>>> print(open('coords25.txt').read())   # compact mmCIF, C-alpha atoms
# COMPACT_ATOMS: atom_id res chain seq x y z
CA MET A 14 5.42 29.87 247.61
CA SER A 15 7.56 32.79 246.53
CA LEU A 16 10.36 32.67 243.95
CA SER A 17 12.27 35.73 245.02
CA GLY A 18 16.09 35.73 244.98
CA ALA A 19 16.22 35.04 248.73
CA ASP A 20 14.29 31.76 248.34
CA ILE A 21 16.70 30.15 245.85
CA ASP A 22 19.11 27.62 247.35
CA PRO A 23 22.71 28.83 246.79
CA GLY A 24 23.84 25.26 245.97
CA THR A 25 21.54 24.85 242.97
CA LYS A 26 22.78 25.52 239.48
CA THR A 27 21.04 28.10 237.36
CA ILE A 28 20.46 27.37 233.71
CA GLU A 29 20.92 30.20 231.26
CA VAL A 30 18.77 29.99 228.16
CA PHE A 31 20.05 31.65 225.00
CA LEU A 32 17.51 32.46 222.36
CA PRO A 33 18.45 32.21 218.69
CA THR A 34 19.73 35.40 217.10
CA TYR A 35 18.76 34.39 213.54
CA ARG A 36 22.03 35.77 212.18
CA LEU A 37 22.59 33.80 209.01
CA LYS A 38 25.75 35.61 207.94
CA PRO A 39 28.73 36.89 209.91
CA GLU A 40 29.44 40.58 210.25
CA GLU A 41 32.17 41.85 207.92
CA ASN A 42 34.69 42.10 210.77
CA GLU A 43 33.83 38.55 211.98
CA LYS A 44 34.54 36.58 208.78
CA PHE A 45 37.07 33.78 208.50
CA TYR A 46 39.87 35.01 206.26
CA PRO A 47 42.15 32.17 205.06
CA SER A 48 45.12 34.51 204.54
CA LYS A 49 45.15 35.45 208.24
CA ALA A 50 44.75 31.83 209.34
CA LYS A 51 47.62 30.79 207.05
CA LEU A 52 49.94 33.33 208.72
CA ILE A 53 49.06 31.85 212.12
CA MET A 54 49.60 28.27 210.96
CA THR A 55 52.90 29.05 209.27
CA SER A 56 54.27 30.77 212.36
CA VAL A 57 53.17 27.94 214.69
CA LEU A 58 54.61 25.24 212.43
CA GLU A 59 57.93 27.09 212.16
CA GLU A 60 58.06 27.81 215.88
CA GLU A 61 57.22 24.23 216.92
CA LEU A 62 59.16 22.22 214.33
CA ARG A 63 62.19 24.24 213.23
CA ASP A 64 64.63 23.14 215.95
CA ARG A 65 62.63 20.39 217.63
CA ILE A 66 63.12 17.51 215.18
CA ASP A 67 66.62 16.17 214.63
CA GLU A 68 68.19 13.26 212.76
CA LYS A 69 68.11 11.01 215.85
CA SER A 70 64.35 11.33 216.37
CA VAL A 71 63.69 10.63 212.69
CA GLU A 72 65.96 7.56 212.67
CA ASP A 73 64.04 6.17 215.64
CA TRP A 74 60.66 7.11 214.12
CA ALA A 75 58.98 3.86 215.14
CA ASP A 76 60.15 4.27 218.72
CA PHE A 77 58.91 7.88 218.89
CA GLY A 78 55.41 7.23 217.44
CA ASP A 79 53.64 8.40 220.59
CA GLU A 80 55.86 11.48 220.76
CA PHE A 81 54.91 12.51 217.22
CA GLU A 82 51.23 11.84 217.97
CA SER A 83 51.32 14.13 220.99
CA LEU A 84 53.31 16.69 218.97
CA THR A 85 50.61 16.86 216.27
CA LYS A 86 47.92 17.27 218.94
CA GLU A 87 49.95 20.01 220.65
CA ILE A 88 50.44 21.88 217.36
CA SER A 89 46.75 21.50 216.47
CA ASP A 90 45.66 22.87 219.84
CA LYS A 91 48.09 25.80 219.59
CA ILE A 92 46.86 26.70 216.09
CA LYS A 93 43.23 26.46 217.22
CA GLN A 94 43.82 28.67 220.27
CA LYS A 95 45.68 31.32 218.26
CA CYS A 96 43.00 31.36 215.54
CA LYS A 97 40.24 31.83 218.12
CA ALA A 98 42.20 34.54 219.93
CA GLU A 99 43.46 36.54 216.95
CA LEU A 100 40.87 36.20 214.19
CA ASN A 101 37.73 37.59 215.91
CA ILE A 102 35.44 34.81 214.67
CA PRO A 103 33.11 34.14 217.62
CA ARG A 104 30.43 32.21 215.72
CA TYR A 105 32.81 29.93 213.82
CA LYS A 106 33.66 26.35 214.65
CA ILE A 107 37.38 25.87 214.10
CA ILE A 108 38.65 22.45 213.01
CA VAL A 109 42.41 21.86 212.75
CA GLN A 110 44.16 18.90 211.13
CA VAL A 111 47.93 18.44 211.34
CA THR A 112 49.87 15.67 209.60
CA ILE A 113 53.60 14.97 210.03
CA GLY A 114 55.68 12.57 207.94
CA GLN A 115 59.28 11.59 207.24
CA MET A 116 61.30 12.82 204.30
CA LYS A 117 62.14 9.45 202.72
CA ASN A 118 61.73 10.20 198.98
CA GLN A 119 58.12 9.11 198.89
CA GLY A 120 54.96 10.89 197.81
CA VAL A 121 51.94 11.73 199.91
CA SER A 122 48.59 13.24 199.22
CA VAL A 123 46.39 14.75 201.95
CA GLY A 124 42.77 15.41 201.00
CA SER A 125 39.47 16.23 202.65
CA ARG A 126 35.89 16.96 201.73
CA CYS A 127 33.30 19.04 203.53
CA LEU A 128 29.73 20.08 203.05
CA TRP A 129 29.45 23.78 203.76
CA ASP A 130 28.09 27.16 202.77
CA THR A 131 30.52 28.73 200.30
CA ALA A 132 29.39 32.22 201.31
CA THR A 133 30.49 31.90 204.95
CA ASP A 134 32.74 28.83 205.38
CA ASN A 135 36.32 28.45 204.21
CA TYR A 136 39.65 26.77 204.89
CA ALA A 137 43.35 27.56 204.90
CA SER A 138 46.38 25.33 204.62
CA ALA A 139 50.08 25.68 205.36
CA ARG A 140 53.09 23.41 205.21
CA PHE A 141 56.51 23.03 206.75
CA GLN A 142 59.46 21.08 205.41
CA ASN A 143 63.06 20.51 206.41
CA GLN A 144 65.61 17.81 205.61
CA TYR A 145 64.03 15.35 208.08
CA ILE A 146 60.25 15.85 208.06
CA TRP A 147 57.30 17.48 206.31
CA ALA A 148 54.18 18.79 208.03
CA SER A 149 50.82 19.86 206.68
CA ALA A 150 48.22 21.87 208.59
CA VAL A 151 44.66 22.66 207.54
CA VAL A 152 42.21 24.93 209.38
CA PHE A 153 38.52 24.84 208.55
CA GLY A 154 36.30 27.75 209.60
CA ILE A 155 32.62 26.70 209.70
CA TYR A 156 30.05 29.42 210.50
CA THR A 157 27.41 28.39 213.01
CA ASP A 158 24.20 30.40 213.18
>>> encode(input="coords25.txt", output="structure tokens")
Amino acid sequence: MSLSGADIDPGTKTIEVFLPTYRLKPEENEKFYPSKAKLIMTSVLEEELRDRIDEKSVEDWADFGDEFESLTKEISDKIKQKCKAELNIPRYKIIVQVTIGQMKNQGVSVGSRCLWDTATDNYASARFQNQYIWASAVVFGIYTD
């Protein structure tokens, strides 16, 4: 039996095997820089929230719960896509967390903890606030070898 290219069935899937590269650190031009990620997050938050939320939607907050949930997911996805496209960080896993709340004279604290390598991994955060809502966005860049 021969395994030449002519003998392979065109309907079968081929499996590509990638061998480890053993790169334990990113190249200098492939590092996650929080300052660049913060610029991306700030622009996306401004672009998405500046004119989108009005007094009516905040008054009916309970009725628009699903709308705000989908809005946070949409903003998270947009931030993640822009970070991957603009930051040149091919070996990084990008995790984005967006939180939106009402401005009702209350306090809030958003915290997180991660186990990571301080030499390669980092995070950036940005916030947005107007008279109706506040929003917090955090991007984590985790290097994967």
>>> residues_around(input="coords25.txt", residues="Ala98 of chain A", least_positions_apart="5", cutoff="12 Å", atoms="only C-alpha atoms", output="compact mmCIF listing (two decimals) with C-alpha atoms, in the coordinates of the input")
# COMPACT_ATOMS: atom_id res chain seq x y z
CA ALA A 50 44.75 31.83 209.34
CA ILE A 53 49.06 31.85 212.12
CA LYS A 91 48.09 25.80 219.59
CA ILE A 92 46.86 26.70 216.09
CA LYS A 93 43.23 26.46 217.22
CA PRO A 103 33.11 34.14 217.62
CA ILE A 107 37.38 25.87 214.10
>>> closest_residue(input="coords25.txt", among="A:Val71, A:Ile146, A:Leu37, A:Ile108", to="Cys127 of chain A", atoms="only C-alpha atoms")
A:Ile108
>>> closest_residue(input="coords25.txt", among="A:Gln119, A:Asn101, A:Ser56, A:Ser149", to="Glu41 of chain A", atoms="all atoms listed in the file")
A:Asn101
>>> atom_distance(input="coords25.txt", atom1="atom CA of Asp158 of chain A", atom2="atom CA of Cys96 of chain A")
19.0 Å
>>> atom_distance(input="coords25.txt", atom1="atom CA of Ile155 of chain A", atom2="atom CA of Phe31 of chain A")
20.4 Å
>>> atom_distance(input="coords25.txt", atom1="atom CA of Thr133 of chain A", atom2="atom CA of Ile88 of chain A")
25.5 Å
>>> closest_residue(input="coords25.txt", among="A:Tyr145, A:Val151, A:Lys86, A:Tyr35", to="Lys69 of chain A", atoms="all atoms listed in the file")
A:Tyr145
>>> closest_residue(input="coords25.txt", among="A:Asp134, A:Glu61, A:Glu87, A:Gln144", to="Arg104 of chain A", atoms="all atoms listed in the file")
A:Asp134
>>> closest_residue(input="coords25.txt", among="A:Asn135, A:Thr25, A:Gln110, A:Thr85", to="Lys49 of chain A", atoms="only C-alpha atoms")
A:Asn135
>>> axis_aligned_box(input="coords25.txt", around="segment 140-153 of chain A", padding_each_side="4 Å", output="JSON")
{"center_x": 52.1, "center_y": 20.1, "center_z": 207.3, "size_x": 35.1, "size_y": 17.6, "size_z": 12.2}
>>> residues_around(input="coords25.txt", residues="Gln142 of chain A", least_positions_apart="2", cutoff="12 Å", atoms="all atoms listed in the file", output="list in words")
Thr55, Leu58, Glu59, Leu62, Arg63, Asp64, Ile66, Thr112, Ile113, Gly114, Gln115, Met116, Ala139, Arg140, Gln144, Tyr145, Ile146, Trp147, Ala148, Ser149 and Ala150 of chain A
>>> residues_near_point(input="coords25.txt", point="(40.5, 31.5, 206.9)", cutoff="8 Å", atoms="only C-alpha atoms", output="number ranges by chain")
A: 45-51, 135-137, 152-154
>>> closest_residue(input="coords25.txt", among="A:Thr34, A:Ser83, A:Asn143, A:Ser138", to="Asp67 of chain A", atoms="all atoms listed in the file")
A:Asn143
